[in-house]
Amino acid sequence: MVLGKVVGTVWATRKDAQLTGLKLQIVRETALDGSLKERFVVAVDSVGAGVGETVLLAQGSSARQTDTTRNKPIDAVIVAIVDTIDLAR
Amino acid sequence: MVLGKVVGTVWATRKDAQLTGLKLQIVRETALDGSLKERFVVAVDSVGAGVGETVLLAQGSSARQTDTTRNKPIDAVIVAIVDTIDLAR
Amino acid sequence: MVLGKVVGTVWATRKDAQLTGLKLQIVRETALDGSLKERFVVAVDSVGAGVGETVLLAQGSSARQTDTTRNKPIDAVIVAIVDTIDLAR
Amino acid sequence: MVLGKVVGTVWATRKDAQLTGLKLQIVRETALDGSLKERFVVAVDSVGAGVGETVLLAQGSSARQTDTTRNKPIDAVIVAIVDTIDLAR
Amino acid sequence: MVLGKVVGTVWATRKDAQLTGLKLQIVRETALDGSLKERFVVAVDSVGAGVGETVLLAQGSSARQTDTTRNKPIDAVIVAIVDTIDLAR
């Protein structure tokens with residue numbers, strides 16, 4: 001999974017019907033020191049993550065293995081809100 | 001999903017029969033400030049997106065989870081036309 | 001899908017039996033101005049593309065959704081020969 | 001598979017229920033000389049790898065082919081702890 | 001598929017049971033002129049490729065479509081040993 005931070009939201013009226021009602025969060029990838037990378041993805045939120053929170057993203061077909069996303073045309077989903085990162089010294 | 005902008009169309013007469021009748025749009029990825037990246041993909045359009053519109057792309061096996069693309073050799077599909085992007089300050 | 005140009009062919013006698021009889025084309029990715037990128041893939045040809053032709057590649061599991069490639073250990077397939085690219089000005 | 005080194009652990013209380021009880025290890029990719037790359041992923045551990053160990057990661061849908069990860073929204077899993085790397089001279 | 005050269009072998013005693021008995025080869029990607037790139041993957045060998053041989057790799061879910069790798073947590077497999085590469089002039 002990829003570590004990222006929720007930095008915004010995408011709004012879309014015209015979309016595939018299977019996306020109806022799903023929250024589309026913009027997640028910028030983060031480095032291990034917490035700094036934001038340029039790279040970002042738009043991910044469906046399955047755990048109630050808000051802007052500013054550090055999250056884990058599952059991507060590819062694995063993004064369809066949640067109750068929120070099953071069988072839908074979605075390739076990125078937030079699967080966890082990170083509390084702590086322990087790094088070896 | 002990836003954020004992009006439709007910048008053109010690909011025309012192909014000789015193709016896998018399963019692609020018949022599908023619109024093949026050229027989508028350049030965009031940065032969060034709306035600027036175009038060099039990177040682009042050719043995506044099937046399932047929502048009627050036109051040139052100049054900002055869209056969301058689903059890629060990989062997730063690109064086959066729409067009525068337009070199911071079971072076809074397609075690895076990128078436009079799943080939404082973006083109205084607004086809200087970014088945290 | 002990715003846009004590319006067929007620049008050569010790979011020949012292999014010792015291979016997985018499921019690859020027998022398939023043409024393995026070398027496809028260099030192209031930029032929107034038609035110039036060749038360094039990046040290339042070896043793709044199975046399902047549409048009769050020859051050297052010098054501009055093609056569309058499907059990759060990943062989507063590469064197995066053609067009659068030529070179904071259920072085979074193949075992650076890239078040529079699905080169309082491009083006639084024209086229309087770019088917005 | 002990708003070669004990497006376990007450098008830390010991610011803790012998350014709020015997460016998809018299917019992740020309950022799984023250890024989420026931070027794995028930095030390594031070069032062939034053993035040096036750490038900047039690139040890292042968060043992977044589920046299915047083999048008991050500890051911090052400082054060199055491991056092999058399976059990614060994408062293949063990450064769901066272990067007893068620990070089957071059908072879960074997980075796109076990276078540690079599948080082996082590396083004893084030795086033999087490089088040709 | 002990706003073109004590469006076998007440059008070594010990985011040995012691992014503690015691993016997912018499904019990897020038992022499989023040969024894990026280190027494959028460095030090669031450019032079209034045959035030079036080695038920095039990028040490498042660890043791949044299961046299904047065709048008996050030895051160190052120094054040029055090979056084709058299938059990756060992602062396609063890597064599980066051989067008799068050697070089916071349903072296993074493996075995301076890269078050697079599917080052919082390359083005899084010749086013909087490049088257009």
# chains A, B, ... in the order shown; residues from 1 in each chain; ligands from 1

call {"tool": "interface_residues", "arguments": {"of": "chain A", "to": "chain B", "cutoff": "10 Å", "atoms": "only C-alpha atoms", "output": "PyMOL selection string"}}
result
chain A and resi 6-19+24-26+28+38-44+51-52+59-64+70-77

call {"tool": "select_by_dssp", "arguments": {"residues": "chain C", "states": "helix (DSSP H, G or I)", "output": "ChimeraX atom specification"}}
result
/C:17-19,60-64

call {"tool": "atom_distance", "arguments": {"atom1": "atom CA of Asp33 of chain B", "atom2": "atom CA of Leu36 of chain C"}}
result
28.1 Å

call {"tool": "residues_around", "arguments": {"residues": "Thr30 of chain D", "least_positions_apart": "3", "cutoff": "7 Å", "atoms": "only C-alpha atoms", "output": "list in words"}}
result
Leu3, Gly4, Lys5, Gly34, Ser35, Leu36 and Lys37 of chain D
